[in-house]
Structure formats: C-alpha cells, structure tokens
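Working notes, structure below.
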Amino acid sequence: MFDINHGNLDDSPDVGQEIVRRIHDRFGDFPARFQKADLVRLDVPQKDIIPVLSWLRTETPFVQLTHLTAVDWLEDGQFELMYLVTAPDLMVSLHLCVRLDRAKAEAESVFNLWLQAETYEQEINEMFGIHFPGSPRQGVPFILEGWRDMPPMRRDFDTVAYCDRTHPVRPGREHQDSRVYVGRKFGEKGYLK
Amino acid sequence: MSLKNVIAPFSAWARAVQKPFTVPTAETFRPGADRYRGWHINDTEQCIGCGTCSDICQNSAIDMKPVDEPNKGDSGLRPLVDYGRCCWCALCVDVCPSGSLGLSSNYIWIDRDPDVFRYIPGVDRKEWDSDEKGWRKDDGFNLVDPDRVPMPMMMPVEDRVKTWAEVVLGYTEAEARAEAARCVECGLCVAACPAHMHIPDYIAAIRDGHYDVAVNHIYDNNPLPEMCGKVCTRRCEDVCSIGVNGDPLAIRWLKRFATEQFSDLSAVLSHEQPQIGTGKSVAVIGGGPGGLTTAFYLAVRGFKVTVFEALPQVGGATFFGIPKYRFPLGSLEKQIKLMTDWGVEIKTNHKVEPDEFKQLQQDYDAIYIGTGLLKPSSLRAEGEDLPGVMPAIEMLIDHHLGKTVEVGQHVVVVGGGNVAIDAARISRRLGAEVTIAYRRRLEDMPADYEEIEDAEAEGVHLMTQNIPLRVEQLPGGRLDFIWGPAEMISEGGGRPRPKLIEGIENHLAVDKVIVAIGQKPDLRWLPADVAEQISNSWGGITCDENGMTAAPGVFAGGDLVNSTADAISAIADGLKAVDGIINYLGLGTKP
Ligand SMILES: Cc1cc2nc3c(=O)[nH]c(=O)nc-3n(C[C@H](O)[C@H](O)[C@H](O)COP(=O)(O)OP(=O)(O)OC[C@H]3O[C@@H](n4cnc5c(N)ncnc54)[C@H](O)[C@@H]3O)c2cc1C
Ligand code: SF4
Ligand code: SF4
C-alpha cells in the first residue's frame with residue numbers, strides 16, 4: 001500500500017475508501033457512507049471531530065474547508081454540523097457529520113484550522129443559535145440586522161407567524177381556501193351535524 | 001426609546017449630502033442564470049387551482065383568487081403572488097402537483113408604486129410569461145409521494161375464482177395512515193363527488209388516527225359509506241390533484257378503512273337534529289341506495305318513514321346486482337341495521353302495485369320513488385329470444401336470491417359496464433370459460449378500470465370492437481354467437497363510435513349468451529295516469545331541482561332519474577329529496 005502521509009494518496013484507486021480506512025485505523029470505527037465517487041460521509045462523535053479535522057488539515061491532502069452548515073434534528077433533540085472537507089488536488093471530499101446536544105447548542109470552533117470558518121460559524125450562530133466559543137464574530141449580525149426573534153433556521157421557529165407579525169398583510173389581500181371555496185360553490189352540506 | 005432611535009432621523013439627514021448608496025438600473029440587461037428564481041409564471045390551463053402552493057408558502061405570499069367558475073377538477077382559483085412577502089424559495093414550485101407553476105429567470109421589474117408588485121401569474125400577462133429558463137420542479141422530484149399504497153388482496157388470483165369471498169383485503173392502520181398522509185386537502189374531490197362528501201376532512205382524520213371523527217364526517221351525507229368504500233365509481237379520484245402527475249389518493253379504500261373500524265356504528269355516530277318531522281310520514285318505494293338515503297336522513301329528523309321493497313332484502317342493485325365478493329352481505333346488513341336502529345321502518349317482500357300507490361298518496365305526507373332500472377335492454381340481434389340468451393340482470397338477481405344459475409362450459413357476456421364485468425366474474429366462479437364482447441375499445445369501457453383488471457386476472461377474455469350480428473342454435477343445445485369486427489370512427493368531435501366492418505362473420509360456440517347492454521325503467525307498477533304524468537321520453541322520471549316530480553308531493557331519484565346510474569348519484573338524489581320533502585312540507589329550508 002501507500003502512505004497517506006507522504007502525499008501519494010493520488011495513486012489510490014479509490015481515495016475515498018483509503019482515507020476512511022486511515023480514519024478508522026487512527027480514530028475509531030465511525031459509520032461511513034460513500035455518497036458519490038468523489039464524496040464520502042462519516043458520522044463522527046463530537047469528542048473526536050476536532051482531532052479528525054486537525055489531522056486532515058495538517059497531515060493529509062484534505063486541506064480545504066469547502067462548506068460548514070447545520071441541520072436541526074428537532075425530534076431527536078440534536079443539531080448536526082456538517083463539515084465538507086476537500087482534497088483539492090484529488091477532487092474528493094469528506095462530509096464529516098457530528099451531532100450536538102440541541103439544548104446546549106455549543107461546538108468547538110475550527111477557526112484556528114481554517115480562517116474562513118469564522119464566517120460559517122458566524123452564520124450558523126445567527127441562523128441556528130449554535131455557539132462556537134472563541135470564534136471571532138459570534139453574536140455579530142451576519143445578514144439579520146436587528147433580529148430579536150429565535151434563530152430563524154431552528155425548526156420550531158414559526159415562519160408564517162413571524163411573517164404575519166413583521167410584514168402585516170397589505171390591504172386588499174383576500175384568500176379563498178380552495179377546499180372551503182369548492183364546498184361552498186358546489187353546495188356541500190351535512191345532514192347529521 | 002433608545003438614544004439611537006432618537007437620533008436616527010438626523011443621521012439619515014447627514015447622509016443626504018453623501019453620494020447615494022443605491023446604483024442606477026443596469027443599463028444592459030443581465031439575464032439570470034438558467035435556474036435563476038425570478039418572477040413567477042403559471043400555465044393556467046394546466047393549473048387546477050388546488051391552492052397547494054398557497055398552503056406551503058412559509059411567508060403567506062400567495063392568495064388564491066377566483067378567475068373562473070369552478071368545475072369538476074378545477075376550483076377556478078388561481079394563485080396571486082405578493083412580492084412584498086415572497087422570498088423566492090420556490091417551495092410553491094416544488095410542491096405544485098400539476099407542475100404548472102415555475103419561476104422565470106427574469107428578476108428585473110421597476111416601478112415607483114410598491115403596490116403593483118403582486119399579480120396572478122399567467123392571468124395578468126407579463127413579458128416573462130414565455131421564459132423557458134428559470135426554476136422548475138425537477139423531473140421525478142416530489143414533495144408529496146406520488147405512489148399510492150397498494151391494496152393487499154385476500155388471496156392469490158388463481159384461488160379467487162374458486163370462492164365467493166371478498167377479493168380485497170383492506171388497508172392496515174399503518175397503510176391507511178400512510179395513504180391519507182399524501183392528501184393536500186385541496187377539496188377538488190368534494191366538487192366531483194355527487195354527494196359532495198367531506199373528503200379532505202375524513203382523510204385528515206384518518207391520517208391523524210381519529211377514526212371516530214372520520215366516520216362522523218363520512219356519515220354526515222352518506223348513509224351507505226361502507227358500500228361506497230368498496231364499490232363506488234369514485235369520480236373523486238378522477239380529479240384528485242395528486243393524480244395529475246401521480247396516483248390519485250385511494251379515497252374509496254380510505255373510506256372503506258374508516259367505516260370498517262367500527263362494528264357497532266351507533267356507538268360512534270351521533271347527531272343533534274331537531275325533530276322537525278314529528279307527526280309527518282313519508283313512504284319510500286324501492287329500497288335502493290337513493291331510497292335508503294332519503295329514509296335515513298328523514299328518520300333522523302323525526303319523520304315516520306316506511307321503505308317498501310319488492311325483494312326479500314333492501315340495498316337495491318347493490319344487493320341484487322353487485323357480487324358478494326365485492327360487497328359482502330354482512331357489510332350491507334351492518335349499514336341497514338343503523339338505519340332501522342335510528343327509526344327507519346323497512347317492509348321487504350312488498351311490491352307496491354298501482355292501487356296501493358293511490359292509497360299511499362292518501363296515507364303519507366310525501367312519497368319518494370326509487371325503483372331503479374330492472375327491465376333489461378334486449379340484444380337487438382336475430383336469435384335474441386333463443387333459450388340460452390339471458391339478460392345479465394335476471395341472472396344476477398336469481399343468483400343473489402339463491403336460485404341455481406346454469407351457465408354451462410362457456411359463456412359470452414355482451415357489454416362493457418359494471419354489470420357485464422360482474423356477470424362475467426360470477427360466471428367464472430360458476431365454472432365457465434368467459435368471453436366479454438364489447439362494441440368499443442378497452443379504454444371506452446364504462447366499467448371501473450380495476451374491475452376490468454381483476455376480471456382479466458381471473459381469466460375473463462376480453463374481445464373489443466365486437467358487434468353481435470345474430471345468435472343461432474347449434475345441435476346439442478349450444479349456441480353460435482356470430483359477430484363482426486368494428487372500426488372506430490370519430491364524427492363531429494364526439495367520442496369515437498364503432499362502425500361494423502361489413503362482410504366479415506366470426507363464430508363463437510357458447511352455452512349461454514349473457515346480455516348486459518343496459519337496463520331500463522319499468523313503471524308498470526304505477527297507476528297509468530301517474531306514470532303518464534311523471535315519466536319522460538326514455539321511460540324514466542323527470543324531477544325539478546328539489547327532486548320533485550310533476551305530481552305534487554311525489555319525489556323521485558336514483559337510476560330512473562339521473563343519467564349517471566351509480567350508487568353515489570342515487571345517494572345524492574336521496575339527499576336532494578330530503579331537502580325537497582322538508583321544503584315541500586313547509587318545515588324550513590335548512591334540514
Ligand atoms: C350488476 C350491477 C353492478 C353495479 N356496480 C356498481 C358499482 O360497482 N358501483 C356503483 O356505484 N354502482 C354500481 N351499480 C349501480 C348501482 O347499484 C345503482 O346505480 C344504484 O343501486 C341505484 O340506486 P337506486 O336508488 O336508483 O335504486 P336501485 O338500486 O335500482 O334499487 C331499486 C329497488 O327498488 C325495488 N323496487 C322496484 N320496483 C318496486 C316496487 N314496485 N315496489 C317496491 N320495490 C320496488 C327493487 O327491488 C330494488 O331493490 C351496479 C348495478 C348493477 C346492476
Ligand atoms: S399548486 Fe400548482 S396547480 Fe395548485 S393552485 Fe398552485 S399553481 Fe395551480
Ligand atoms: S417562492 Fe417561496 S416565498 Fe415566494 S411565493 Fe413561492 S413559496 Fe412563497
């Protein structure tokens with residue numbers, strides 16, 4: 001075989017499989033899914049995520065943070081952070097997914113590994129209310145100026161109610177609910193109730 | 001108020017002398033990307049006005065506006081988008097069941113008046129209406145599951161023809177709730193159902209697991225819903241918005257599921273109808289679905305109602321016509337029990353004759369006639385009177401009254417409606433090889449498509465574009481069914497009509513020819529003067545919009561009045577007569 005640490009990963013017939021094997025050997029048997037030929041998903045426990053990311057950044061061709069976003073698993077009481085880390089020379093990416101306790105809503109920053117994480121973390125902080133202690137622009141508005149409500153990408157945020165509150169319905173707007181309208185037009189009737 | 005708020009106007013003033021932050025309109029138009037999400041477009045011919053776009057919009061940016069009179073399959077409403085609220089998420093496009101809605105790639109629209117930024121796409125013409133680019137729902141992408149939960153069958157098809165047991169098993173709870181969850185509650189089905197049942201409401205109750213609520217919605221305007229849940233012609237499913245690009249909701253099977261959850265209906269159903277009919281009596285002649293509907297909802301209001309039925313069992317054609325493997329007797333009896341429990345008096349084996357009719361007119365405050373179609377149409381081909389040529393309706397009645405019906409080794413059934421299919425499948429169960437001979441094409445058959453599939457699965461052979469020429473006696477008692485092929489010709493835009501290709505004679509040796517080409521009313525049981533007064537050119541009865549005939553106080557409905565001749569239309573006629581009788585007796589307009 002070849003040594004991932006010496007840069008000849010590009011010889012690999014399947015870089016994705018190889019990197020997963022390395023991660024498994026080094027950190028633990030995390031569930032992995034091959035999403036596409038150039039994309040592998042790994043579900044990493046929260047305690048391991050920073051070591052995995054640091055190792056990828058410093059010792060493998062997976063040097064680029066392409067994207068960082070979050071998902072609200074409301075029913076599970078969890079948030080999920082999804083780091084998309086790419087090996088630009090190999091055009092292969094890893095999707096590293098980590099679940100957080102939704103009530104605590106806190107994760108370690110990767111700003112020290114990738115400067116641009118600052119912006120992603122600022123956005124996630126604003127949209128999901130997940131806190132990244134130490135990340136430079138936490139609490140600084142990203143696109144929501146003067147936002148006073150619950151972070152809007154949380155799934156328990158009621159978008160319609162918010163909209164009704166903040167953008168009052170313009171005069172002259174009238175809506176016909178098709179179910180009610182059709183029933184009325186066709187003389188729908190009850191004979192027991 | 002914070003200091004910032006107080007000084008804000010002044011800081012705005014300070015900007016007055018600065019260069020403006022805004023930029024002038026782009027002098028050269030930069031087209032949006034191929035999948036840009038710009039202003040809405042809607043193919044209003046394809047749009048069915050279901051309002052799903054409006055329901056899903058998280059910004060309440062869409063109102064549904066009447067632009068046309070509603071018809072079956074189209075509410076006549078069209079979405080109006082308010083760009084004061086739209087965030088261009090395109091959820092409306094992604095959910096649209098008809099696929100009519102899209103976003104153009106155009107994003108520039110300048111006006112000084114903020115109120116113009118709302119319009120009905122496709123109705124209020126815009127220059128981007130024909131933009132091919134922009135956001136469209138991806139092929140195969142659906143927010144609503146387009147696939148119906150399949151209905152499990154009771155047994156493998158090879159065993160079916162050996163028994164009279166019900167063919168369809170019915171949904172499990174999980175299956176029913178999964179199927180119900182596909183509904184978008186647009187209500188188009190309510191328009192298509194002749195009785196205008198509260199379909200989206202009972203489907204929602206099933207989805208939520210509240211079967212008692214569902215059954216109360218269902219019985220609100222249909223007293224035979226378990227029957228309809230098994231055999232209805234389900235016009236509702238024809239217009240289901242999910243059916244435009246997927247399988248329509250299994251509305252019939254869901255109704256069946258809900259009603260089958262309860263063996264004792266009076267335990268879950270309730271009503272608070274004022275007893276406006278106390279002291280009034282109504283005679284119902286004919287215990288078919290129409291008559292039973294009138295009887296039930298009048299009895300609920302305190303009327304004394306008596307149903308006179310010639311046969312030993314009420315149910316009409318749903319008892320003597322529809323086979324038990326589709327609609328078991330136990331299910332009919334359960335529904336009839338609720339009617340008698342709630343006050344309907346039923347007199348079976350009681351055929352009303354002319355003299356008695358006159359007496360009923362004296363004794364009752366109103367009469368409902370629902371005697372259906374019992375006289376078979378004849379084959380109108382030479383040999384139609386030969387022994388062995390028999391009307392399907394008589395064969396079905398005999399069979400359901402427990403008489404022995406001899407079909408022999410091979411029968412040909414002439415016709416393409418439900419009666420033909422039922423006669424064919426019963427003949428299969430009686431052990432015969434069965435061929436159906438139908439004048440038009442398969443797609444023209446009026447029978448339910450699933451019935452046709454089931455018949456084929458049970459080994460019934462279908463011959464289409466087949467015109468019977470004559471029937472001849474063969475030695476040994478068999479019959480020669482002689483037919484010619486037909487070609488389909490379209491004239492004047494109507495549905496194509498079969499035309500005999502002259503000069504070709506085909507032969508099929510059979511034991512029986514079963515004729516199922518329609519039934520006609522038989523009003524000979526009425527006094528001649530009354531029949532004269534209320535009947536029409538085809539032998540049926542004409543009613544006004546209240547369901548009343550030309551004879552005051554005599555109402556009618558069902559197959560001998562309507563042109564659709566199915567159970568739910570008879571039920572709808574029965575409901576109309578309930579209102580009509582209440583009005584006629586001056587007991588108020590509201591039932
Ligand atoms: C074989 C067959 C299959 C069918 N399949 C379907 C189906 O799958 N789905 C569907 O929706 N519809 C189906 N139909 C049609 C449906 O059953 C009828 O449209 C419906 O039953 C009509 O109801 P009605 O109220 O007009 O009365 P009918 O059902 O026609 O009943 C009339 C009743 O009046 C009685 N009667 C007649 N004269 C007198 C008298 N003088 N005194 C007392 N009683 C009298 C008759 O015995 C009969 O019981 C089928 C019909 C047949 C024959
Ligand atoms: S969802 Fe589609 S079909 Fe339904 S009203 Fe909206 S645009 Fe029309
Ligand atoms: S694009 Fe989104 S916000 Fe705009 S009307 Fe459609 S669903 Fe509503």
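If you're wondering about the labels, chains in the structure tokens are A, B, ... by order shown, residues count from 1 in each chain, ligands from 1 in order shown.
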Given a cut-off of 6 Å, what residues near ligand 2 show up using only C-alpha atoms and all ligand atoms, put as a list in words? Cys47, Ile48, Gly49, Cys50, Gly51, Thr52, Cys53, Arg78, Pro79, Cys96, Pro97, Ser98, Ser100 and Leu101 of chain B
If the cut-off is 7 Å, can you tell me the residues of chain B near chain A, counting only C-alpha atoms? I'd like them as a ChimeraX atom specification. /B:50-51,58-60,63-65,75,185-188,190-191,196,220-221,271-273,297,591
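With atom CA of Gln35 of chain A on one side and atom CA of Ile50 of chain A on the other, the separation reads 22.4 Å.
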Non-local contacts of Asp29 of chain A (12 Å; only C-alpha atoms; under 4 positions in same chain excluded) as an mmCIF file with N, CA, C and O atoms, in the first residue's frame:
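For reference, out-v7.cif as written:
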data_model
loop_
_atom_site.group_PDB
_atom_site.id
_atom_site.type_symbol
_atom_site.label_atom_id
_atom_site.label_comp_id
_atom_site.auth_asym_id
_atom_site.auth_seq_id
_atom_site.Cartn_x
_atom_site.Cartn_y
_atom_site.Cartn_z
ATOM 1 N N VAL A 20 -10.975 6.747 4.479
ATOM 2 C CA VAL A 20 -11.847 6.231 5.523
ATOM 3 C C VAL A 20 -11.115 5.170 6.331
ATOM 4 O O VAL A 20 -11.180 5.131 7.560
ATOM 5 N N ARG A 21 -10.378 4.328 5.619
ATOM 6 C CA ARG A 21 -9.635 3.279 6.314
ATOM 7 C C ARG A 21 -8.631 3.901 7.292
ATOM 8 O O ARG A 21 -8.498 3.484 8.431
ATOM 9 N N ARG A 22 -7.979 4.963 6.834
ATOM 10 C CA ARG A 22 -6.993 5.638 7.689
ATOM 11 C C ARG A 22 -7.676 6.230 8.929
ATOM 12 O O ARG A 22 -7.143 6.126 10.028
ATOM 13 N N ILE A 23 -8.804 6.847 8.697
ATOM 14 C CA ILE A 23 -9.520 7.458 9.833
ATOM 15 C C ILE A 23 -9.961 6.372 10.802
ATOM 16 O O ILE A 23 -9.812 6.496 12.022
ATOM 17 N N HIS A 24 -10.457 5.289 10.238
ATOM 18 C CA HIS A 24 -10.887 4.179 11.092
ATOM 19 C C HIS A 24 -9.728 3.657 11.930
ATOM 20 O O HIS A 24 -9.851 3.451 13.135
ATOM 21 N N ASP A 25 -8.584 3.465 11.289
ATOM 22 C CA ASP A 25 -7.414 2.926 11.999
ATOM 23 C C ASP A 25 -6.981 3.851 13.121
ATOM 24 O O ASP A 25 -6.626 3.434 14.214
ATOM 25 N N LEU A 42 -19.006 10.630 6.761
ATOM 26 C CA LEU A 42 -18.600 9.967 8.001
ATOM 27 C C LEU A 42 -19.350 10.599 9.162
ATOM 28 O O LEU A 42 -19.437 11.821 9.250
ATOM 29 N N ASP A 43 -19.892 9.759 10.032
ATOM 30 C CA ASP A 43 -20.564 10.284 11.218
ATOM 31 C C ASP A 43 -19.621 10.168 12.401
ATOM 32 O O ASP A 43 -19.305 9.078 12.848
ATOM 33 N N VAL A 44 -19.188 11.318 12.871
ATOM 34 C CA VAL A 44 -18.119 11.362 13.868
ATOM 35 C C VAL A 44 -18.696 11.832 15.205
ATOM 36 O O VAL A 44 -19.437 12.813 15.235
ATOM 37 N N PRO A 45 -18.352 11.145 16.319
ATOM 38 C CA PRO A 45 -18.809 11.628 17.622
ATOM 39 C C PRO A 45 -18.174 12.992 17.938
ATOM 40 O O PRO A 45 -17.060 13.274 17.485
ATOM 41 N N ASP A 48 -14.503 13.452 18.969
ATOM 42 C CA ASP A 48 -13.440 13.144 18.007
ATOM 43 C C ASP A 48 -13.325 14.140 16.867
ATOM 44 O O ASP A 48 -12.381 14.076 16.086
#
With only C-alpha atoms as the counted atoms, please give the residues lying no more than 12 Å from Glu545 of chain B, apart from itself and same-chain residues fewer than 6 positions off, as an MDAnalysis selection string. chainID B and resid 555:557 561 573 575:577 579:581 583
Could the residues in this selection be written to a file with N, CA, C and O atoms, as a short mmCIF file (atom, residue, chain, number, x, y, z; two decimals), in the first residue's frame?
data_model
loop_
_atom_site.label_atom_id
_atom_site.label_comp_id
_atom_site.auth_asym_id
_atom_site.auth_seq_id
_atom_site.Cartn_x
_atom_site.Cartn_y
_atom_site.Cartn_z
N PHE B 555 -91.75 12.52 -4.93
CA PHE B 555 -90.35 12.79 -5.25
C PHE B 555 -89.75 11.53 -5.88
O PHE B 555 -90.31 10.44 -5.76
N ALA B 556 -88.64 11.68 -6.54
CA ALA B 556 -88.00 10.50 -7.14
C ALA B 556 -86.51 10.74 -7.26
O ALA B 556 -86.03 11.88 -7.15
N GLY B 557 -85.76 9.66 -7.47
CA GLY B 557 -84.31 9.78 -7.61
C GLY B 557 -83.69 8.44 -7.96
O GLY B 557 -84.39 7.42 -8.06
N VAL B 561 -83.92 8.41 -12.56
CA VAL B 561 -83.97 9.86 -12.74
C VAL B 561 -82.65 10.38 -13.34
O VAL B 561 -82.65 11.14 -14.30
N ASP B 573 -79.16 11.98 -5.04
CA ASP B 573 -80.58 12.25 -5.31
C ASP B 573 -81.41 12.11 -4.03
O ASP B 573 -82.34 12.87 -3.79
N LEU B 575 -80.39 12.68 -1.01
CA LEU B 575 -80.16 13.87 -0.17
C LEU B 575 -81.00 15.04 -0.67
O LEU B 575 -81.60 15.78 0.11
N LYS B 576 -81.05 15.18 -2.00
CA LYS B 576 -81.82 16.27 -2.59
C LYS B 576 -83.29 16.12 -2.19
O LYS B 576 -83.97 17.10 -1.85
N ALA B 577 -83.78 14.89 -2.20
CA ALA B 577 -85.18 14.66 -1.84
C ALA B 577 -85.44 14.96 -0.35
O ALA B 577 -86.52 15.41 0.01
N ASP B 579 -84.07 17.40 1.39
CA ASP B 579 -84.30 18.85 1.42
C ASP B 579 -85.64 19.18 0.76
O ASP B 579 -86.40 20.02 1.26
N GLY B 580 -85.90 18.52 -0.38
CA GLY B 580 -87.12 18.81 -1.13
C GLY B 580 -88.37 18.51 -0.31
O GLY B 580 -89.32 19.31 -0.28
N ILE B 581 -88.37 17.38 0.36
CA ILE B 581 -89.56 16.98 1.14
C ILE B 581 -89.76 17.93 2.33
O ILE B 581 -90.87 18.37 2.62
N ASN B 583 -88.85 21.03 2.51
CA ASN B 583 -89.38 22.29 1.97
C ASN B 583 -90.83 22.16 1.56
O ASN B 583 -91.65 23.05 1.84
#
Check segment 161-204 of chain B with DSSP on the backbone and list each residue it calls helix (DSSP H, G or I), as a ChimeraX atom specification. /B:173-180,188-192,199-204
Surroundings of ligand 1 up to 6 Å, based on only C-alpha atoms and all ligand atoms, as a count of residues only: 40
Write as an NGL selection string the residues around ligand 3, taking 12 Å as the cut-off and counting only C-alpha atoms and all ligand atoms. (:A and (159-160 or 163)) or (:B and (36-42 or 51-64 or 79-96 or 101-104 or 118-121 or 135-136))
Nearby residues (only C-alpha atoms) at most 9 Å from Arg57 of chain A, same-chain spacing under 5 positions excluded, as a PyMOL selection string: chain A and resi 52+62-65+85+113-114
Limited to C-alpha atoms, could you put the picked residues into a file as a PDB file, in the first residue's frame?
ATOM      1  CA  VAL A  52     -10.050  14.289  12.992  1.00  0.00           C
ATOM      2  CA  PHE A  62      -7.747  17.141   2.746  1.00  0.00           C
ATOM      3  CA  VAL A  63      -6.733  20.699   3.455  1.00  0.00           C
ATOM      4  CA  GLN A  64      -9.714  22.746   2.389  1.00  0.00           C
ATOM      5  CA  LEU A  65     -12.901  23.556   4.298  1.00  0.00           C
ATOM      6  CA  VAL A  85     -13.542  18.976   3.694  1.00  0.00           C
ATOM      7  CA  LEU A 113      -7.647  25.465  11.370  1.00  0.00           C
ATOM      8  CA  TRP A 114      -9.391  27.464   8.664  1.00  0.00           C
TER       9      TRP A 114
END
Close residues, Arg440 of chain B itself excluded, 10 Å, only C-alpha atoms, min 4 positions apart in chain, as an NGL selection string: :B and (415-416 or 444-445 or 463-467 or 486-488 or 496-499)
Keeping only C-alpha atoms, write the selected residues as a JSON list (two decimals), in the first residue's frame.
[["chain", "number", "residue", "atom", "x", "y", "z"],
["B", 415, "GLY", "CA", -71.49, -5.35, -22.82],
["B", 416, "GLY", "CA", -68.74, -3.31, -21.17],
["B", 444, "ASP", "CA", -64.07, 3.21, -23.67],
["B", 445, "MET", "CA", -65.40, 0.58, -21.25],
["B", 463, "MET", "CA", -62.97, -9.05, -27.09],
["B", 464, "THR", "CA", -63.35, -5.42, -28.07],
["B", 465, "GLN", "CA", -64.75, -3.72, -31.19],
["B", 466, "ASN", "CA", -67.08, -6.67, -31.43],
["B", 467, "ILE", "CA", -70.60, -6.23, -32.80],
["B", 486, "ALA", "CA", -65.96, -2.81, -35.83],
["B", 487, "GLU", "CA", -63.79, 0.14, -36.69],
["B", 488, "MET", "CA", -63.88, 3.28, -34.60],
["B", 496, "PRO", "CA", -65.49, 7.66, -31.42],
["B", 497, "ARG", "CA", -68.30, 5.36, -32.40],
["B", 498, "PRO", "CA", -67.99, 1.75, -33.55],
["B", 499, "LYS", "CA", -68.97, 1.01, -37.13]]
Check segment 29-170 of chain B with DSSP on the backbone and list each residue it calls strand (DSSP E), as a list in words. His40, Ile41, Asn42, Ile62, Asp63, Met64, Lys65, Pro66, Leu77, Arg78, Pro79, Leu80, Val81, Asp82, Leu101, Gly102, Leu103, Arg118 and Tyr119 of chain B
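Residues lying within 8 Å of segment 30-35 of chain B, counting only C-alpha atoms and ignoring same-chain neighbours fewer than 4 positions away, are B:Ala26, B:Ser105, B:Asn106, B:Tyr107, B:Lys133, B:Gly134, B:Trp135, B:Arg136.
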For the residues in the current selection, export N, CA, C and O atoms as a PDB file, in the first residue's frame.
ATOM      1  N   ALA B  26     -29.356  48.708 -14.094  1.00  0.00           N
ATOM      2  CA  ALA B  26     -28.373  48.239 -15.061  1.00  0.00           C
ATOM      3  C   ALA B  26     -28.780  48.703 -16.455  1.00  0.00           C
ATOM      4  O   ALA B  26     -29.917  48.515 -16.868  1.00  0.00           O
ATOM      5  N   SER B 105     -36.537  33.260 -15.233  1.00  0.00           N
ATOM      6  CA  SER B 105     -35.184  33.702 -14.882  1.00  0.00           C
ATOM      7  C   SER B 105     -35.129  35.229 -14.853  1.00  0.00           C
ATOM      8  O   SER B 105     -34.086  35.811 -14.619  1.00  0.00           O
ATOM      9  N   ASN B 106     -36.258  35.850 -15.083  1.00  0.00           N
ATOM     10  CA  ASN B 106     -36.301  37.314 -15.086  1.00  0.00           C
ATOM     11  C   ASN B 106     -36.427  37.854 -13.666  1.00  0.00           C
ATOM     12  O   ASN B 106     -37.265  37.389 -12.900  1.00  0.00           O
ATOM     13  N   TYR B 107     -35.598  38.834 -13.357  1.00  0.00           N
ATOM     14  CA  TYR B 107     -35.626  39.345 -11.984  1.00  0.00           C
ATOM     15  C   TYR B 107     -35.705  40.861 -11.929  1.00  0.00           C
ATOM     16  O   TYR B 107     -35.630  41.444 -10.863  1.00  0.00           O
ATOM     17  N   LYS B 133     -36.394  29.616 -19.342  1.00  0.00           N
ATOM     18  CA  LYS B 133     -35.398  29.381 -18.284  1.00  0.00           C
ATOM     19  C   LYS B 133     -35.997  29.705 -16.912  1.00  0.00           C
ATOM     20  O   LYS B 133     -37.134  30.143 -16.806  1.00  0.00           O
ATOM     21  N   GLY B 134     -35.201  29.494 -15.897  1.00  0.00           N
ATOM     22  CA  GLY B 134     -35.671  29.754 -14.540  1.00  0.00           C
ATOM     23  C   GLY B 134     -35.852  28.444 -13.798  1.00  0.00           C
ATOM     24  O   GLY B 134     -35.367  27.394 -14.220  1.00  0.00           O
ATOM     25  N   TRP B 135     -36.565  28.517 -12.669  1.00  0.00           N
ATOM     26  CA  TRP B 135     -36.691  27.348 -11.780  1.00  0.00           C
ATOM     27  C   TRP B 135     -37.942  26.549 -12.113  1.00  0.00           C
ATOM     28  O   TRP B 135     -39.037  27.088 -12.192  1.00  0.00           O
ATOM     29  N   ARG B 136     -37.776  25.241 -12.314  1.00  0.00           N
ATOM     30  CA  ARG B 136     -38.911  24.340 -12.482  1.00  0.00           C
ATOM     31  C   ARG B 136     -38.706  23.153 -11.551  1.00  0.00           C
ATOM     32  O   ARG B 136     -37.583  22.835 -11.184  1.00  0.00           O
TER      33      ARG B 136
END
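Remark: for Asp522 of chain B, the closest of the candidate residues B:Val167, B:Leu560, B:Ile582, B:Cys543 is B:Leu560 (distances computed over only C-alpha atoms).
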